[in-house]
file protein.csv (CSV, C-alpha atoms)
chain,number,residue,atom,x,y,z
A,1,MET,CA,-19.3,31.3,43.5
A,2,LYS,CA,-19.8,28.8,46.3
A,3,ARG,CA,-21.0,26.2,43.9
A,4,LYS,CA,-17.9,26.8,41.7
A,5,ALA,CA,-15.7,26.5,44.8
A,6,ARG,CA,-17.3,23.3,45.9
A,7,GLY,CA,-17.0,21.9,42.3
A,8,GLY,CA,-13.3,22.8,42.4
A,9,TRP,CA,-12.7,21.1,45.7
A,10,PHE,CA,-14.6,18.0,44.6
A,11,ALA,CA,-12.5,17.8,41.4
A,12,THR,CA,-9.3,18.2,43.4
A,13,ILE,CA,-10.2,15.4,45.8
A,14,LEU,CA,-11.3,13.1,43.0
A,15,PHE,CA,-8.1,13.8,41.1
A,16,THR,CA,-6.0,13.1,44.2
A,17,ILE,CA,-7.8,9.8,44.9
A,18,ILE,CA,-7.3,8.7,41.2
A,19,SER,CA,-3.6,9.7,41.4
A,20,ILE,CA,-3.1,7.6,44.6
A,21,PHE,CA,-4.6,4.6,42.9
A,22,TYR,CA,-2.2,5.0,39.9
A,23,VAL,CA,0.9,5.6,42.1
A,24,ALA,CA,0.2,3.0,44.7
A,25,PRO,CA,1.3,0.0,42.6
A,26,LEU,CA,4.6,1.7,41.8
A,27,PHE,CA,5.2,2.4,45.5
A,28,ILE,CA,4.3,-1.2,46.4
A,29,VAL,CA,6.8,-2.5,43.8
A,30,LEU,CA,9.5,-0.1,45.1
A,31,ILE,CA,9.2,-1.1,48.8
A,32,ASN,CA,9.1,-4.8,48.0
A,33,SER,CA,12.2,-4.6,45.9
A,34,PHE,CA,14.2,-4.1,49.1
A,35,LYS,CA,12.6,-7.1,51.0
A,36,LYS,CA,13.5,-10.7,51.4
A,37,LYS,CA,11.7,-13.0,49.0
A,38,ALA,CA,9.8,-14.8,51.7
A,39,PHE,CA,8.3,-11.6,53.1
A,40,ILE,CA,7.1,-10.1,49.7
A,41,ASN,CA,4.1,-12.5,49.7
A,42,LEU,CA,3.6,-12.4,53.4
A,43,GLU,CA,3.8,-8.7,54.0
A,44,PRO,CA,3.4,-7.0,50.5
A,45,PHE,CA,2.0,-3.7,51.9
A,46,LYS,CA,4.4,-3.2,54.8
A,47,LEU,CA,7.5,-1.0,54.7
A,48,PRO,CA,10.8,-2.9,54.9
A,49,SER,CA,12.0,-3.5,58.5
A,50,GLU,CA,15.3,-4.8,60.0
A,51,LYS,CA,13.9,-8.3,59.7
A,52,THR,CA,12.9,-8.0,56.0
A,53,TRP,CA,15.5,-5.5,54.6
A,54,VAL,CA,18.0,-6.9,52.1
A,55,ALA,CA,19.3,-3.6,50.7
A,56,LEU,CA,20.4,-4.1,47.1
A,57,GLU,CA,20.6,-7.9,47.1
A,58,ASN,CA,17.6,-8.3,44.9
A,59,PHE,CA,19.0,-5.9,42.3
A,60,ALA,CA,22.4,-7.7,42.3
A,61,ASN,CA,20.6,-11.1,42.0
A,62,ALA,CA,18.7,-9.8,39.0
A,63,MET,CA,21.8,-8.5,37.2
A,64,GLU,CA,24.0,-11.5,37.9
A,65,LYS,CA,21.7,-14.5,37.8
A,66,TYR,CA,19.4,-13.4,35.0
A,67,ASN,CA,21.7,-11.1,32.9
A,68,PHE,CA,19.3,-8.2,33.4
A,69,LEU,CA,21.9,-5.7,32.1
A,70,GLU,CA,22.2,-7.5,28.8
A,71,SER,CA,18.4,-7.4,28.3
A,72,VAL,CA,18.5,-3.7,29.1
A,73,LEU,CA,21.1,-3.2,26.4
A,74,TRP,CA,19.1,-5.0,23.7
A,75,THR,CA,15.9,-3.1,24.8
A,76,VAL,CA,17.7,0.2,24.5
A,77,VAL,CA,19.1,-0.8,21.0
A,78,MET,CA,15.6,-1.8,19.7
A,79,THR,CA,13.8,1.1,21.3
A,80,VAL,CA,16.2,3.8,20.1
A,81,GLY,CA,16.7,2.3,16.6
A,82,SER,CA,12.9,1.7,16.1
A,83,VAL,CA,11.9,5.2,17.3
A,84,VAL,CA,14.5,6.9,15.1
A,85,VAL,CA,13.5,4.9,12.0
A,86,ILE,CA,9.8,5.5,12.7
A,87,LEU,CA,10.1,9.2,13.2
A,88,LEU,CA,12.3,9.8,10.1
A,89,CYS,CA,10.3,7.5,7.7
A,90,THR,CA,6.8,8.4,8.8
A,91,SER,CA,7.4,12.1,8.9
A,92,MET,CA,8.7,12.2,5.4
A,93,PHE,CA,5.9,9.9,4.2
A,94,ALA,CA,3.3,12.0,5.9
A,95,TRP,CA,4.7,15.2,4.3
A,96,TYR,CA,4.6,13.7,0.9
A,97,ILE,CA,1.1,12.2,1.0
A,98,THR,CA,-0.2,15.5,2.5
A,99,ARG,CA,1.3,17.8,-0.1
A,100,VAL,CA,0.8,15.5,-3.2
A,101,LYS,CA,-2.9,15.3,-3.8
A,102,SER,CA,-3.8,12.2,-5.7
A,103,THR,CA,-5.9,9.1,-5.4
A,104,ALA,CA,-2.8,7.0,-4.6
A,105,THR,CA,-1.8,9.2,-1.6
A,106,LYS,CA,-5.3,9.3,-0.3
A,107,LEU,CA,-5.4,5.5,-0.4
A,108,LEU,CA,-2.0,5.2,1.3
A,109,TYR,CA,-3.3,7.5,4.1
A,110,LEU,CA,-6.4,5.4,4.5
A,111,LEU,CA,-4.3,2.3,4.7
A,112,CYS,CA,-2.2,3.8,7.5
A,113,VAL,CA,-5.3,4.8,9.4
A,114,PHE,CA,-6.9,1.4,8.9
A,115,SER,CA,-3.7,-0.3,10.3
A,116,MET,CA,-4.4,1.3,13.7
A,117,VAL,CA,-7.7,-0.6,14.1
A,118,VAL,CA,-6.4,-4.1,13.0
A,119,PRO,CA,-6.0,-6.3,16.2
A,120,PHE,CA,-2.5,-7.6,16.6
A,121,GLN,CA,-3.9,-11.1,17.3
A,122,MET,CA,-5.1,-11.3,13.7
A,123,VAL,CA,-1.6,-11.1,12.3
A,124,MET,CA,0.7,-12.4,15.0
A,125,PHE,CA,0.9,-16.0,13.6
A,126,THR,CA,1.5,-14.9,10.1
A,127,LEU,CA,4.0,-12.3,11.4
A,128,SER,CA,6.0,-15.1,13.2
A,129,LEU,CA,6.1,-17.2,10.1
A,130,VAL,CA,7.3,-14.3,7.8
A,131,THR,CA,9.9,-13.3,10.4
A,132,ASP,CA,11.4,-16.8,10.4
A,133,ARG,CA,11.4,-16.9,6.6
A,134,LEU,CA,13.1,-13.5,6.2
A,135,ARG,CA,15.5,-14.1,9.1
A,136,LEU,CA,14.3,-11.0,11.0
A,137,GLY,CA,14.5,-12.5,14.5
A,138,THR,CA,17.2,-10.1,15.6
A,139,PRO,CA,17.1,-6.7,17.3
A,140,TRP,CA,17.8,-5.0,13.9
A,141,GLY,CA,15.2,-7.0,12.1
A,142,LEU,CA,12.7,-6.1,14.8
A,143,VAL,CA,13.3,-2.4,14.0
A,144,ILE,CA,11.7,-3.0,10.5
A,145,ILE,CA,8.8,-4.8,12.1
A,146,TYR,CA,8.2,-2.0,14.6
A,147,LEU,CA,8.3,0.5,11.7
A,148,GLY,CA,5.3,-1.4,10.2
A,149,PHE,CA,3.3,-1.5,13.3
A,150,GLY,CA,4.1,2.0,14.5
A,151,ALA,CA,3.6,3.8,11.2
A,152,GLY,CA,-0.2,4.1,11.5
A,153,LEU,CA,-0.3,6.4,14.5
A,154,ALA,CA,2.8,8.3,13.5
A,155,VAL,CA,1.6,9.0,10.0
A,156,PHE,CA,-1.9,10.1,11.3
A,157,MET,CA,-0.3,12.6,13.8
A,158,PHE,CA,2.3,13.9,11.3
A,159,CYS,CA,-0.3,14.4,8.6
A,160,GLY,CA,-2.5,16.4,10.9
A,161,PHE,CA,0.4,18.7,11.8
A,162,VAL,CA,1.6,19.1,8.2
A,163,LYS,CA,-1.8,20.3,7.2
A,164,SER,CA,-1.4,23.2,9.7
A,165,ILE,CA,1.9,24.3,8.1
A,166,PRO,CA,1.4,27.2,5.6
A,167,ILE,CA,2.5,25.8,2.2
A,168,GLU,CA,3.8,29.3,1.3
A,169,ILE,CA,6.8,28.6,3.6
A,170,GLU,CA,7.8,25.6,1.5
A,171,GLU,CA,7.2,27.4,-1.8
A,172,ALA,CA,9.5,30.2,-0.7
A,173,ALA,CA,12.2,27.7,0.1
A,174,MET,CA,11.9,26.1,-3.3
A,175,ILE,CA,12.0,29.5,-5.0
A,176,ASP,CA,15.3,30.1,-3.2
A,177,GLY,CA,16.6,26.9,-4.8
A,178,CYS,CA,16.0,24.2,-2.2
A,179,SER,CA,15.4,20.7,-3.4
A,180,PRO,CA,12.4,18.8,-1.9
A,181,LEU,CA,14.7,16.9,0.5
A,182,ARG,CA,16.5,20.1,1.7
A,183,THR,CA,13.1,21.8,2.1
A,184,PHE,CA,11.9,19.0,4.3
A,185,PHE,CA,15.0,18.9,6.5
A,186,SER,CA,15.7,22.6,6.6
A,187,VAL,CA,12.2,24.0,6.8
A,188,VAL,CA,9.5,21.4,7.6
A,189,LEU,CA,11.3,19.2,10.1
A,190,PRO,CA,12.2,22.1,12.6
A,191,ILE,CA,8.5,23.2,12.5
A,192,MET,CA,7.4,19.7,13.2
A,193,LYS,CA,9.4,19.5,16.4
A,194,PRO,CA,6.4,19.3,18.9
A,195,THR,CA,4.9,16.4,16.9
A,196,TYR,CA,8.3,14.7,16.7
A,197,ILE,CA,8.7,14.8,20.4
A,198,SER,CA,5.1,13.6,21.2
A,199,VAL,CA,5.2,10.8,18.7
A,200,GLY,CA,8.7,9.8,20.0
A,201,ILE,CA,7.4,9.6,23.5
A,202,LEU,CA,4.4,7.5,22.6
A,203,GLU,CA,6.4,5.1,20.5
A,204,THR,CA,9.2,4.8,23.1
A,205,MET,CA,6.8,3.9,25.9
A,206,TRP,CA,5.1,1.3,23.6
A,207,ILE,CA,8.3,-0.4,22.4
A,208,TRP,CA,10.1,-0.3,25.8
A,209,ASN,CA,7.3,-2.1,27.5
A,210,ASP,CA,6.3,-4.4,24.6
A,211,PHE,CA,6.4,-8.1,25.4
A,212,LEU,CA,4.4,-10.0,22.8
A,213,LEU,CA,6.0,-8.8,19.6
A,214,PRO,CA,9.6,-9.5,20.7
A,215,TYR,CA,8.6,-12.8,22.2
A,216,LEU,CA,7.1,-14.0,18.9
A,217,THR,CA,9.8,-12.7,16.6
A,218,LEU,CA,13.2,-12.7,18.4
A,219,ASP,CA,15.6,-15.6,18.6
A,220,LEU,CA,15.2,-16.0,22.4
A,221,ASN,CA,18.4,-18.2,22.6
A,222,LYS,CA,20.5,-15.1,21.7
A,223,PHE,CA,18.4,-12.0,22.5
A,224,SER,CA,16.1,-11.0,25.3
A,225,THR,CA,14.3,-7.8,26.2
A,226,ILE,CA,13.4,-6.5,29.7
A,227,PRO,CA,9.8,-7.9,29.7
A,228,ILE,CA,10.9,-11.3,28.5
A,229,THR,CA,13.7,-11.5,31.1
A,230,ILE,CA,11.2,-10.6,33.9
A,231,GLN,CA,8.8,-13.3,32.6
A,232,ARG,CA,11.7,-15.8,32.8
A,233,MET,CA,12.2,-15.0,36.5
A,234,GLN,CA,9.0,-16.9,37.2
A,235,GLY,CA,10.9,-20.1,36.6
A,236,SER,CA,9.2,-23.5,36.2
A,237,TYR,CA,7.1,-25.7,38.5
A,238,GLY,CA,5.6,-22.7,40.2
A,239,ARG,CA,9.0,-21.2,41.4
A,240,VAL,CA,8.9,-17.4,41.3
A,241,ASP,CA,11.9,-15.2,42.3
A,242,MET,CA,9.8,-12.3,43.6
A,243,GLY,CA,12.8,-10.4,44.9
A,244,ALA,CA,14.5,-10.3,41.5
A,245,ILE,CA,11.2,-9.6,39.7
A,246,MET,CA,10.5,-6.5,42.0
A,247,ALA,CA,14.0,-5.2,41.5
A,248,SER,CA,13.8,-5.7,37.8
A,249,LEU,CA,10.5,-3.9,37.6
A,250,VAL,CA,12.0,-0.9,39.4
A,251,MET,CA,15.0,-0.8,37.1
A,252,ALA,CA,12.6,-1.1,34.1
A,253,ILE,CA,10.1,1.5,35.3
A,254,ILE,CA,12.5,4.3,36.4
A,255,PRO,CA,14.1,5.2,33.0
A,256,ILE,CA,10.7,5.3,31.2
A,257,VAL,CA,9.0,7.3,34.0
A,258,VAL,CA,11.9,9.8,34.1
A,259,PHE,CA,11.8,10.1,30.3
A,260,TYR,CA,8.0,10.6,30.3
A,261,LEU,CA,8.0,13.2,33.1
A,262,SER,CA,10.7,15.2,31.4
A,263,CYS,CA,8.8,15.3,28.1
A,264,GLN,CA,5.1,15.0,29.0
A,265,LYS,CA,4.4,18.7,28.2
A,266,TYR,CA,5.2,18.1,24.6
A,267,ILE,CA,2.5,15.3,24.2
A,268,ILE,CA,-0.5,17.6,24.6
A,269,LYS,CA,1.2,20.3,22.6
A,270,GLY,CA,2.0,17.9,19.7
A,271,VAL,CA,-1.4,16.3,19.7
A,272,ALA,CA,-3.1,19.7,19.8
A,273,ALA,CA,-0.9,21.0,17.0
A,274,GLY,CA,-1.7,18.0,14.9
A,275,ALA,CA,-5.4,18.4,15.4
A,276,VAL,CA,-5.6,22.0,14.2
A,277,LYS,CA,-6.8,20.8,10.8
A,278,GLY,CA,-8.5,17.5,10.2
call {"tool": "encode", "arguments": {"input": "protein.csv", "output": "structure tokens"}}
result
Amino acid sequence: MKRKARGGWFATILFTIISIFYVAPLFIVLINSFKKKAFINLEPFKLPSEKTWVALENFANAMEKYNFLESVLWTVVMTVGSVVVILLCTSMFAWYITRVKSTATKLLYLLCVFSMVVPFQMVMFTLSLVTDRLRLGTPWGLVIIYLGFGAGLAVFMFCGFVKSIPIEIEEAAMIDGCSPLRTFFSVVLPIMKPTYISVGILETMWIWNDFLLPYLTLDLNKFSTIPITIQRMQGSYGRVDMGAIMASLVMAIIPIVVFYLSCQKYIIKGVAAGAVKG
């Protein structure tokens, strides 16, 4: 019993130390967002004082000088649109290739799994060229691109969950006169709720924080996302607006952290449910 108690205390202390290392950068960004620019580099680990405190000046500067709110709007549009399209298309696709047993569906599943291991660097130059040719350098065009890159993980998780659903439920719905589409939306989709939420969380966190894909594909003269706007705050010739950067990071982090904390319990539930059957 003593050994178990010691092991429990050791695990608790280790977990606490790791948590502090993870939370510390967020705390440092938060306290520096309320400091004058000159003191962020000089005293990055000190709490704001009367000498360094600037209240909400950095936040106002980020919104007025760098049009941060506009980048938030485009980021929300791309994130919500992409996640909705990914969830709807990949869940229907996963249900089809799981229930229809054929060589073609097995090949499609393997292609989706293979897409998860292909490095983005291998396709980014070709992607940029194709995007320009097809005129997809808009937030709405980016939704289609995110569907392609996000489909692999989503299909993999949805397929695992569909295999755990008793097929007798779907057969009973079809006997009652439901068409395949009605069976999916009325029977299968509600059962897949845990996986929908977990996939939605993972895709949202990826798209919200993504920098490289929008930077390569968007028309930057018209559209900008939060990571791109923050990168622009570095300016040229070594000039960096640290106050605006810290404030922008806080405004970018808070929504996604709140979203994650409110939904995190569904991630493990959805992953575990999708792993019931290989």
call {"tool": "atom_distance", "arguments": {"input": "protein.csv", "atom1": "CA of Thr98 in chain A", "atom2": "CA of Thr79 in chain A"}}
result
27.5 Å
call {"tool": "atom_distance", "arguments": {"input": "protein.csv", "atom1": "CA of Phe68 in chain A", "atom2": "CA of Lys36 in chain A"}}
result
19.1 Å
call {"tool": "closest_residue", "arguments": {"input": "protein.csv", "among": "A:Ser198, A:Ser82, A:Thr90, A:Thr75", "to": "Pro255 in chain A", "atoms": "all atoms listed in the file"}}
result
A:Thr75
call {"tool": "residues_near_point", "arguments": {"input": "protein.csv", "point": "(14.1, -11.9, 43.5)", "cutoff": "9 Å", "atoms": "only C-alpha atoms", "output": "list of chain:residue names"}}
result
A:Ser33, A:Lys36, A:Lys37, A:Glu57, A:Asn58, A:Phe59, A:Asn61, A:Ala62, A:Met233, A:Val240, A:Asp241, A:Met242, A:Gly243, A:Ala244, A:Ile245, A:Met246, A:Ala247, A:Ser248
call {"tool": "atom_distance", "arguments": {"input": "protein.csv", "atom1": "CA of Pro180 in chain A", "atom2": "CA of Leu107 in chain A"}}
result
22.3 Å
call {"tool": "residues_around", "arguments": {"input": "protein.csv", "residues": "Ala94 in chain A", "least_positions_apart": "4", "cutoff": "8 Å", "atoms": "all atoms listed in the file", "output": "list in words"}}
result
Thr90, Thr98, Val155, Phe156, Phe158, Cys159 and Val162 of chain A
call {"tool": "residues_around", "arguments": {"input": "protein.csv", "residues": "Leu47 in chain A", "least_positions_apart": "3", "cutoff": "9 Å", "atoms": "only C-alpha atoms", "output": "list of chain:residue names"}}
result
A:Ile28, A:Ile31, A:Asn32, A:Lys35, A:Glu43, A:Pro44, A:Thr52
call {"tool": "residues_near_point", "arguments": {"input": "protein.csv", "point": "(16.3, -5.8, 32.2)", "cutoff": "8 Å", "atoms": "only C-alpha atoms", "output": "count of residues only"}}
result
17
call {"tool": "closest_residue", "arguments": {"input": "protein.csv", "among": "A:Met205, A:Leu216, A:Ile17, A:Ala11", "to": "Val130 in chain A", "atoms": "all atoms listed in the file"}}
result
A:Leu216
call {"tool": "closest_residue", "arguments": {"input": "protein.csv", "among": "A:Ile254, A:Ala151, A:Ile191, A:Ile40", "to": "Leu87 in chain A", "atoms": "all atoms listed in the file"}}
result
A:Ala151
call {"tool": "closest_residue", "arguments": {"input": "protein.csv", "among": "A:Phe27, A:Met124, A:Phe93, A:Thr204", "to": "Thr105 in chain A", "atoms": "only C-alpha atoms"}}
result
A:Phe93
call {"tool": "closest_residue", "arguments": {"input": "protein.csv", "among": "A:Phe161, A:Phe125, A:Phe34, A:Phe259", "to": "Tyr196 in chain A", "atoms": "all atoms listed in the file"}}
result
A:Phe161
call {"tool": "residues_around", "arguments": {"input": "protein.csv", "residues": "Val83 in chain A", "least_positions_apart": "6", "cutoff": "12 Å", "atoms": "all atoms listed in the file", "output": "ChimeraX atom specification"}}
result
/A:75-77,89-91,142-151,154,196-208
call {"tool": "build_atoms", "arguments": {"input": "protein.csv", "residues": "range 112-133 of chain A", "atoms": "N, CA and C atoms", "output": "PDB file, in the frame of the given file"}}
result
ATOM      1  N   CYS A 112      -2.909   3.540   6.225  1.00  0.00           N
ATOM      2  CA  CYS A 112      -2.200   3.800   7.500  1.00  0.00           C
ATOM      3  C   CYS A 112      -3.191   3.930   8.645  1.00  0.00           C
ATOM      4  N   VAL A 113      -4.281   4.640   8.395  1.00  0.00           N
ATOM      5  CA  VAL A 113      -5.300   4.800   9.400  1.00  0.00           C
ATOM      6  C   VAL A 113      -5.950   3.454   9.748  1.00  0.00           C
ATOM      7  N   PHE A 114      -6.221   2.670   8.710  1.00  0.00           N
ATOM      8  CA  PHE A 114      -6.900   1.400   8.900  1.00  0.00           C
ATOM      9  C   PHE A 114      -5.954   0.430   9.719  1.00  0.00           C
ATOM     10  N   SER A 115      -4.637   0.565   9.563  1.00  0.00           N
ATOM     11  CA  SER A 115      -3.700  -0.300  10.300  1.00  0.00           C
ATOM     12  C   SER A 115      -3.806  -0.136  11.795  1.00  0.00           C
ATOM     13  N   MET A 116      -4.317   1.019  12.248  1.00  0.00           N
ATOM     14  CA  MET A 116      -4.400   1.300  13.700  1.00  0.00           C
ATOM     15  C   MET A 116      -5.560   0.474  14.325  1.00  0.00           C
ATOM     16  N   VAL A 117      -6.535   0.043  13.514  1.00  0.00           N
ATOM     17  CA  VAL A 117      -7.700  -0.600  14.100  1.00  0.00           C
ATOM     18  C   VAL A 117      -7.623  -2.156  13.876  1.00  0.00           C
ATOM     19  N   VAL A 118      -6.572  -2.646  13.241  1.00  0.00           N
ATOM     20  CA  VAL A 118      -6.400  -4.100  13.000  1.00  0.00           C
ATOM     21  C   VAL A 118      -5.832  -4.710  14.302  1.00  0.00           C
ATOM     22  N   PRO A 119      -6.508  -5.631  14.959  1.00  0.00           N
ATOM     23  CA  PRO A 119      -6.000  -6.300  16.200  1.00  0.00           C
ATOM     24  C   PRO A 119      -4.695  -7.041  15.877  1.00  0.00           C
ATOM     25  N   PHE A 120      -3.744  -6.933  16.798  1.00  0.00           N
ATOM     26  CA  PHE A 120      -2.500  -7.600  16.600  1.00  0.00           C
ATOM     27  C   PHE A 120      -2.661  -9.136  16.547  1.00  0.00           C
ATOM     28  N   GLN A 121      -3.656  -9.647  17.263  1.00  0.00           N
ATOM     29  CA  GLN A 121      -3.900 -11.100  17.300  1.00  0.00           C
ATOM     30  C   GLN A 121      -4.239 -11.653  15.922  1.00  0.00           C
ATOM     31  N   MET A 122      -4.736 -10.808  15.019  1.00  0.00           N
ATOM     32  CA  MET A 122      -5.100 -11.300  13.700  1.00  0.00           C
ATOM     33  C   MET A 122      -3.882 -11.582  12.822  1.00  0.00           C
ATOM     34  N   VAL A 123      -2.760 -10.952  13.143  1.00  0.00           N
ATOM     35  CA  VAL A 123      -1.600 -11.100  12.300  1.00  0.00           C
ATOM     36  C   VAL A 123      -0.385 -11.712  12.956  1.00  0.00           C
ATOM     37  N   MET A 124      -0.490 -12.039  14.241  1.00  0.00           N
ATOM     38  CA  MET A 124       0.700 -12.400  15.000  1.00  0.00           C
ATOM     39  C   MET A 124       1.262 -13.795  14.476  1.00  0.00           C
ATOM     40  N   PHE A 125       0.399 -14.729  14.100  1.00  0.00           N
ATOM     41  CA  PHE A 125       0.900 -16.000  13.600  1.00  0.00           C
ATOM     42  C   PHE A 125       1.558 -15.887  12.256  1.00  0.00           C
ATOM     43  N   THR A 126       0.917 -15.124  11.379  1.00  0.00           N
ATOM     44  CA  THR A 126       1.500 -14.900  10.100  1.00  0.00           C
ATOM     45  C   THR A 126       2.810 -14.087  10.215  1.00  0.00           C
ATOM     46  N   LEU A 127       2.830 -13.133  11.128  1.00  0.00           N
ATOM     47  CA  LEU A 127       4.000 -12.300  11.400  1.00  0.00           C
ATOM     48  C   LEU A 127       5.186 -13.228  11.826  1.00  0.00           C
ATOM     49  N   SER A 128       4.912 -14.159  12.729  1.00  0.00           N
ATOM     50  CA  SER A 128       6.000 -15.100  13.200  1.00  0.00           C
ATOM     51  C   SER A 128       6.525 -15.903  12.077  1.00  0.00           C
ATOM     52  N   LEU A 129       5.651 -16.380  11.191  1.00  0.00           N
ATOM     53  CA  LEU A 129       6.100 -17.200  10.100  1.00  0.00           C
ATOM     54  C   LEU A 129       6.956 -16.367   9.091  1.00  0.00           C
ATOM     55  N   VAL A 130       6.505 -15.172   8.759  1.00  0.00           N
ATOM     56  CA  VAL A 130       7.300 -14.300   7.800  1.00  0.00           C
ATOM     57  C   VAL A 130       8.595 -13.911   8.441  1.00  0.00           C
ATOM     58  N   THR A 131       8.609 -13.642   9.733  1.00  0.00           N
ATOM     59  CA  THR A 131       9.900 -13.300  10.400  1.00  0.00           C
ATOM     60  C   THR A 131      10.885 -14.392  10.309  1.00  0.00           C
ATOM     61  N   ASP A 132      10.447 -15.628  10.508  1.00  0.00           N
ATOM     62  CA  ASP A 132      11.400 -16.800  10.400  1.00  0.00           C
ATOM     63  C   ASP A 132      11.869 -16.928   8.962  1.00  0.00           C
ATOM     64  N   ARG A 133      10.977 -16.759   7.985  1.00  0.00           N
ATOM     65  CA  ARG A 133      11.400 -16.900   6.600  1.00  0.00           C
ATOM     66  C   ARG A 133      12.382 -15.865   6.154  1.00  0.00           C
TER      67      ARG A 133
END
